[in-house]
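Raw contents of upload_39.txt, compact mmCIF, C-alpha atoms and all ligand atoms:
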# COMPACT_ATOMS: atom_id res chain seq x y z
CA MET A 1 0.00 0.00 0.00
CA SER A 2 1.03 3.63 -0.16
CA PRO A 3 3.14 5.20 2.60
CA ILE A 4 0.18 7.34 3.68
CA THR A 5 -2.02 4.28 4.14
CA HIS A 6 0.71 2.42 5.99
CA PHE A 7 1.15 5.35 8.33
CA LEU A 8 -2.59 5.71 8.99
CA VAL A 9 -2.88 1.97 9.68
CA GLY A 10 -0.07 2.05 12.24
CA TRP A 11 -1.26 5.24 13.87
CA SER A 12 -4.93 4.30 14.17
CA ALA A 13 -4.19 0.77 15.37
CA LEU A 14 -1.44 1.40 17.88
CA GLU A 15 -1.23 5.07 18.89
CA ARG A 16 -3.56 4.77 21.90
CA ALA A 17 -1.43 2.02 23.43
CA LEU A 18 1.44 4.45 23.93
CA PRO A 19 1.20 7.37 26.36
CA ALA A 20 4.19 9.36 25.09
CA ARG A 21 3.72 11.35 21.89
CA ARG A 22 7.25 10.59 20.83
CA ASP A 23 6.53 6.86 21.05
CA LYS A 24 3.27 7.21 19.12
CA ALA A 25 5.22 8.82 16.28
CA LEU A 26 8.04 6.28 16.37
CA VAL A 27 5.70 3.30 16.20
CA ALA A 28 3.65 4.78 13.35
CA LEU A 29 6.84 5.66 11.45
CA ALA A 30 8.10 2.12 12.04
CA GLY A 31 5.13 1.08 9.90
CA LEU A 32 6.64 3.05 7.00
CA ALA A 33 10.20 1.85 7.43
CA PRO A 34 9.93 -1.40 5.43
CA ASP A 35 9.54 0.61 2.21
CA LEU A 36 12.95 2.22 2.71
CA ASP A 37 14.22 -0.76 0.73
CA GLY A 38 12.47 0.79 -2.26
CA LEU A 39 14.54 3.97 -2.19
CA GLY A 40 16.80 2.48 -4.86
CA ILE A 41 14.19 3.81 -7.28
CA VAL A 42 15.69 7.27 -6.73
CA VAL A 43 19.15 6.04 -7.72
CA ASP A 44 17.75 4.16 -10.72
CA PHE A 45 15.97 7.29 -11.88
CA ALA A 46 19.09 9.40 -11.42
CA THR A 47 21.38 7.03 -13.30
CA ARG A 48 18.90 6.83 -16.18
CA THR A 49 18.39 10.57 -16.28
CA LEU A 50 22.10 11.35 -16.12
CA GLY A 51 23.02 8.71 -18.69
CA LEU A 52 25.21 6.79 -16.23
CA PRO A 53 25.53 2.99 -16.32
CA GLU A 54 22.02 1.73 -15.66
CA THR A 55 21.18 0.47 -12.18
CA ASN A 56 18.31 -1.74 -11.06
CA TYR A 57 18.35 -1.25 -7.31
CA TYR A 58 14.58 -1.01 -7.02
CA GLN A 59 13.93 -4.37 -8.64
CA ASP A 60 16.91 -5.96 -6.93
CA PHE A 61 16.28 -4.78 -3.37
CA HIS A 62 12.63 -3.76 -2.94
CA ARG A 63 10.83 -6.34 -0.76
CA LEU A 64 14.09 -8.15 -0.07
CA PHE A 65 15.56 -6.16 2.80
CA GLY A 66 12.69 -4.32 4.45
CA HIS A 67 9.90 -6.87 4.26
CA GLY A 68 10.88 -9.71 6.54
CA LEU A 69 11.61 -10.86 10.05
CA ALA A 70 15.16 -9.49 10.08
CA ALA A 71 13.98 -5.99 9.13
CA ALA A 72 11.19 -6.14 11.72
CA LEU A 73 13.74 -6.92 14.43
CA VAL A 74 16.14 -4.17 13.30
CA ILE A 75 13.32 -1.59 13.16
CA ALA A 76 12.05 -2.65 16.61
CA LEU A 77 15.55 -2.28 18.04
CA ALA A 78 15.94 1.16 16.49
CA VAL A 79 12.62 2.25 18.02
CA ALA A 80 13.69 0.86 21.40
CA ALA A 81 16.82 3.00 21.24
CA LEU A 82 14.80 6.17 20.57
CA ALA A 83 11.60 5.62 22.57
CA THR A 84 10.51 6.69 26.03
CA ALA A 85 8.81 3.42 27.02
CA ARG A 86 11.41 1.30 25.27
CA ARG A 87 10.10 -2.22 25.65
CA ARG A 88 6.48 -1.43 24.88
CA ALA A 89 7.42 0.77 21.91
CA ALA A 90 9.73 -1.93 20.51
CA VAL A 91 7.01 -4.60 20.73
CA LEU A 92 4.46 -2.29 19.09
CA ALA A 93 6.96 -1.28 16.40
CA PHE A 94 7.38 -4.98 15.63
CA VAL A 95 3.57 -5.22 15.36
CA SER A 96 3.47 -2.05 13.23
CA VAL A 97 5.94 -3.53 10.74
CA HIS A 98 3.85 -6.68 10.50
CA LEU A 99 0.73 -4.62 9.85
CA HIS A 100 2.69 -3.16 6.92
CA PHE A 101 3.44 -6.67 5.65
CA ALA A 102 -0.23 -7.63 5.99
CA CYS A 103 -1.34 -4.53 4.07
CA ASP A 104 1.16 -5.24 1.29
CA LEU A 105 -0.04 -8.84 1.09
CA VAL A 106 -3.68 -7.85 0.59
CA GLY A 107 -3.36 -4.70 -1.52
CA SER A 108 -0.20 -4.09 -3.53
CA ARG A 109 -0.71 -5.95 -6.78
CA GLY A 110 0.62 -4.57 -10.07
CA ASN A 111 -1.45 -3.94 -13.17
CA GLY A 112 -2.09 -7.50 -14.29
CA PRO A 113 -3.78 -10.30 -12.33
CA GLU A 114 -0.48 -12.17 -12.28
CA ASP A 115 1.49 -9.22 -10.86
CA ILE A 116 1.08 -10.40 -7.28
CA TRP A 117 3.67 -9.17 -4.79
CA GLY A 118 4.74 -11.73 -2.29
CA ILE A 119 6.80 -11.41 0.85
CA TRP A 120 9.89 -13.45 1.53
CA TYR A 121 9.71 -13.44 5.27
CA PHE A 122 13.23 -14.77 5.76
CA ALA A 123 14.90 -12.54 3.13
CA PRO A 124 17.58 -11.40 2.60
CA PHE A 125 18.91 -14.63 4.10
CA SER A 126 16.56 -16.97 2.28
CA THR A 127 13.98 -16.61 -0.47
CA ALA A 128 12.81 -20.19 -0.13
CA HIS A 129 9.47 -19.29 1.50
CA GLU A 130 7.31 -16.77 -0.25
CA ILE A 131 4.05 -15.65 1.35
CA ALA A 132 1.45 -14.43 -1.14
CA TRP A 133 -2.30 -14.13 -1.45
CA SER A 134 -4.03 -14.90 -4.74
CA GLY A 135 -6.84 -12.43 -3.97
CA GLN A 136 -4.43 -9.47 -3.72
CA TRP A 137 -5.98 -6.28 -5.10
CA PRO A 138 -4.11 -3.59 -7.07
CA LEU A 139 -1.97 -0.97 -5.35
CA VAL A 140 -4.01 1.68 -7.14
CA GLY A 141 -7.32 -0.12 -6.54
CA TRP A 142 -10.45 1.42 -5.06
CA GLN A 143 -10.04 -0.78 -1.99
CA ASN A 144 -6.88 1.05 -0.95
CA MET A 145 -8.50 4.43 -1.55
CA ALA A 146 -11.55 3.44 0.52
CA ILE A 147 -9.38 2.12 3.36
CA THR A 148 -7.30 5.29 3.33
CA ALA A 149 -10.39 7.50 3.42
CA VAL A 150 -11.92 5.56 6.33
CA LEU A 151 -8.66 5.62 8.28
CA LEU A 152 -8.33 9.35 7.73
CA VAL A 153 -11.75 9.87 9.28
CA VAL A 154 -10.82 7.60 12.21
CA VAL A 155 -7.57 9.49 12.82
CA LEU A 156 -9.21 12.92 12.57
CA ARG A 157 -12.06 11.93 14.91
CA ARG A 158 -9.51 10.73 17.40
CA ALA A 159 -7.57 13.99 16.97
CA VAL A 160 -10.69 16.00 17.83
CA ALA A 161 -11.10 13.94 21.00
CA THR A 162 -7.48 13.95 22.14
CA GLY A 163 -6.32 17.33 20.82
CA TYR A 164 -3.42 15.70 19.06
CA SER A 165 -2.94 14.50 15.47
CA PRO A 166 -0.01 12.99 13.53
CA LEU A 167 0.60 16.43 12.03
CA ALA A 168 2.36 17.27 15.30
CA ILE A 169 5.26 15.09 14.15
CA VAL A 170 5.96 17.71 11.50
CA SER A 171 4.80 20.90 13.19
CA ALA A 172 3.22 21.50 16.61
CA ARG A 173 1.87 24.83 15.40
CA ALA A 174 0.21 23.33 12.32
CA ASP A 175 -1.24 20.59 14.50
CA ALA A 176 -2.72 23.10 16.93
CA ALA A 177 -4.30 24.99 14.02
CA LEU A 178 -5.74 21.77 12.59
CA ILE A 179 -7.21 20.71 15.95
CA ALA A 180 -8.73 24.16 16.48
CA ALA A 181 -10.32 24.06 13.04
CA LEU A 182 -11.62 20.51 13.50
CA ARG A 183 -13.07 21.30 16.92
CA ALA A 184 -14.73 24.45 15.64
CA ARG A 185 -16.32 22.43 12.84
CA PHE A 186 -17.11 19.10 14.51
CA GLY A 187 -17.13 19.80 18.24
CA ARG A 188 -14.62 18.53 20.76
CA HIS A 189 -16.76 15.69 22.17
CA SER A 190 -17.80 14.08 18.91
CA ALA A 191 -15.42 11.14 19.22
CA ARG A 192 -15.95 10.29 22.87
ZN ZN A 201 5.87 -2.36 1.67
Please, can you express the file's structure as structure tokens?
Amino acid sequence: MSPITHFLVGWSALERALPARRDKALVALAGLAPDLDGLGIVVDFATRTLGLPETNYYQDFHRLFGHGLAAALVIALAVAALATARRRAAVLAFVSVHLHFACDLVGSRGNGPEDIWGIWYFAPFSTAHEIAWSGQWPLVGWQNMAITAVLLVVVLRRAVATGYSPLAIVSARADAALIAALRARFGRHSAR
């Protein structure tokens, strides 16, 4: 799924289990981290654009390094190092990463029916066991858009109730403005 959807999934599912705002952010961001293995696409684009020897990092690395047990453990450890409630945040970061895997398994197909993305849970050490679902819907399918829209409503309703939204990760001032606008429009008790 898209990074926005992954973030909203992690935030809406796990945020309330963590008291500290810093930990809420870390665990939701952990749900984005698996796709860092797709950043090779930037290099591939640059080498093609600049006429350098062609690279294929995206095809070679995406889903191989970030989408498995090893990555989940590394991400959980990184969150533990940065979090306030270390053990709880690490466990929930591990869960957050697996929510990402589950979302990719159900909704990240390519254009054709045969373009199903699987997950090699033990990669990069072994690609012997691929997990895949034959019913996987397209990455750009209506299902992902509907899920994203519903999650956005869930997150905003929660923000009205708590006075805190994920926007605070980027800017506390922007978050305060958003909460004020939402409360003026929808009332502060609507999500209780
Ligand atoms: Zn992914």
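For the residues A:Phe94, A:Phe101, A:Trp133, A:Phe61, ranking by smallest atom-to-atom distance to A:Leu77 using all atoms listed in the file places A:Phe94 first.
In this model, the gap between atom CA of A:His67 and atom CA of A:Val9 comes to 16.5 Å.
Compared by their closest atoms to A:Gln136, and using all atoms listed in the file, the residues A:Ala159, A:Tyr121, A:Arg109, A:Asp115 rank with A:Arg109 nearest.
Those protein and nucleic acid residues that have any atom within 10 Å of ligand ZN 201 (chain A) are, using only C-alpha atoms and all ligand atoms, Met1, Ser2, Pro3, His6, Gly31, Leu32, Ala33, Pro34, Asp35, Leu36, Asp37, Gly38, His62, Arg63, Gly66, His67, Val97, Leu99, His100, Phe101, Ala102, Cys103, Asp104, Leu105, Ser108, Trp117 and Ile119 of chain A.
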Could the residues in this selection be saved with C-alpha atoms as a PDB file, keeping the file's coordinate frame?
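Listed below is the output, result26.pdb:
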ATOM      1  CA  MET A   1       0.000   0.000   0.000  1.00  0.00           C
ATOM      2  CA  SER A   2       1.030   3.630  -0.160  1.00  0.00           C
ATOM      3  CA  PRO A   3       3.140   5.200   2.600  1.00  0.00           C
ATOM      4  CA  HIS A   6       0.710   2.420   5.990  1.00  0.00           C
ATOM      5  CA  GLY A  31       5.130   1.080   9.900  1.00  0.00           C
ATOM      6  CA  LEU A  32       6.640   3.050   7.000  1.00  0.00           C
ATOM      7  CA  ALA A  33      10.200   1.850   7.430  1.00  0.00           C
ATOM      8  CA  PRO A  34       9.930  -1.400   5.430  1.00  0.00           C
ATOM      9  CA  ASP A  35       9.540   0.610   2.210  1.00  0.00           C
ATOM     10  CA  LEU A  36      12.950   2.220   2.710  1.00  0.00           C
ATOM     11  CA  ASP A  37      14.220  -0.760   0.730  1.00  0.00           C
ATOM     12  CA  GLY A  38      12.470   0.790  -2.260  1.00  0.00           C
ATOM     13  CA  HIS A  62      12.630  -3.760  -2.940  1.00  0.00           C
ATOM     14  CA  ARG A  63      10.830  -6.340  -0.760  1.00  0.00           C
ATOM     15  CA  GLY A  66      12.690  -4.320   4.450  1.00  0.00           C
ATOM     16  CA  HIS A  67       9.900  -6.870   4.260  1.00  0.00           C
ATOM     17  CA  VAL A  97       5.940  -3.530  10.740  1.00  0.00           C
ATOM     18  CA  LEU A  99       0.730  -4.620   9.850  1.00  0.00           C
ATOM     19  CA  HIS A 100       2.690  -3.160   6.920  1.00  0.00           C
ATOM     20  CA  PHE A 101       3.440  -6.670   5.650  1.00  0.00           C
ATOM     21  CA  ALA A 102      -0.230  -7.630   5.990  1.00  0.00           C
ATOM     22  CA  CYS A 103      -1.340  -4.530   4.070  1.00  0.00           C
ATOM     23  CA  ASP A 104       1.160  -5.240   1.290  1.00  0.00           C
ATOM     24  CA  LEU A 105      -0.040  -8.840   1.090  1.00  0.00           C
ATOM     25  CA  SER A 108      -0.200  -4.090  -3.530  1.00  0.00           C
ATOM     26  CA  TRP A 117       3.670  -9.170  -4.790  1.00  0.00           C
ATOM     27  CA  ILE A 119       6.800 -11.410   0.850  1.00  0.00           C
TER      28      ILE A 119
END
Nearest-residue call for A:Ala25, choices A:Ala174, A:Ile169, A:Ile4, A:Leu82, using all atoms listed in the file | A:Ile169
To one decimal place, how far is atom CA of A:Ala78 from atom CA of A:Val154 in Å?
-> 27.9 Å
Is there a way to get, as a PyMOL selection string, all residues within 12 Å of the point (8.6, -0.5, 23.4) in file coordinates, counting all atoms listed in the file?
-> chain A and resi 14+17-20+22-24+26-27+30+75-96
What is the distance, in Å and to one decimal place, between atom CA of A:Gly107 and atom CA of A:Val150?
->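 Between atom CA of A:Gly107 and atom CA of A:Val150 the gap works out to 15.5 Å.
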Residue neighbourhood A:Val42, 9 Å, all atoms listed in the file, exclusion window fewer than 5 positions, as a PyMOL selection string | chain A and resi 47+57-58
Centre and edge lengths, as JSON, for the axis-aligned box enclosing every listed atom of stretch 73-78 of chain A with 3 Å of padding on each of the six sides, in Å to one decimal?
{"center_x": 14.1, "center_y": -2.9, "center_z": 15.6, "size_x": 10.1, "size_y": 14.1, "size_z": 10.9}
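Nearest residue to A:Arg157, choosing from A:Ala132, A:Leu50, A:Leu178, A:Val106 and counting only C-alpha atoms: A:Leu178.
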Looking at only C-alpha atoms, which of A:Ala70, A:Ala181, A:Ala46, A:Ala13 is the one that sits closest to A:Ala123?
-> A:Ala70
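If only C-alpha atoms are the atoms counted, then among A:Gly135, A:Met145, A:His98, A:Gly110 the closest residue to A:Leu69 is A:His98.
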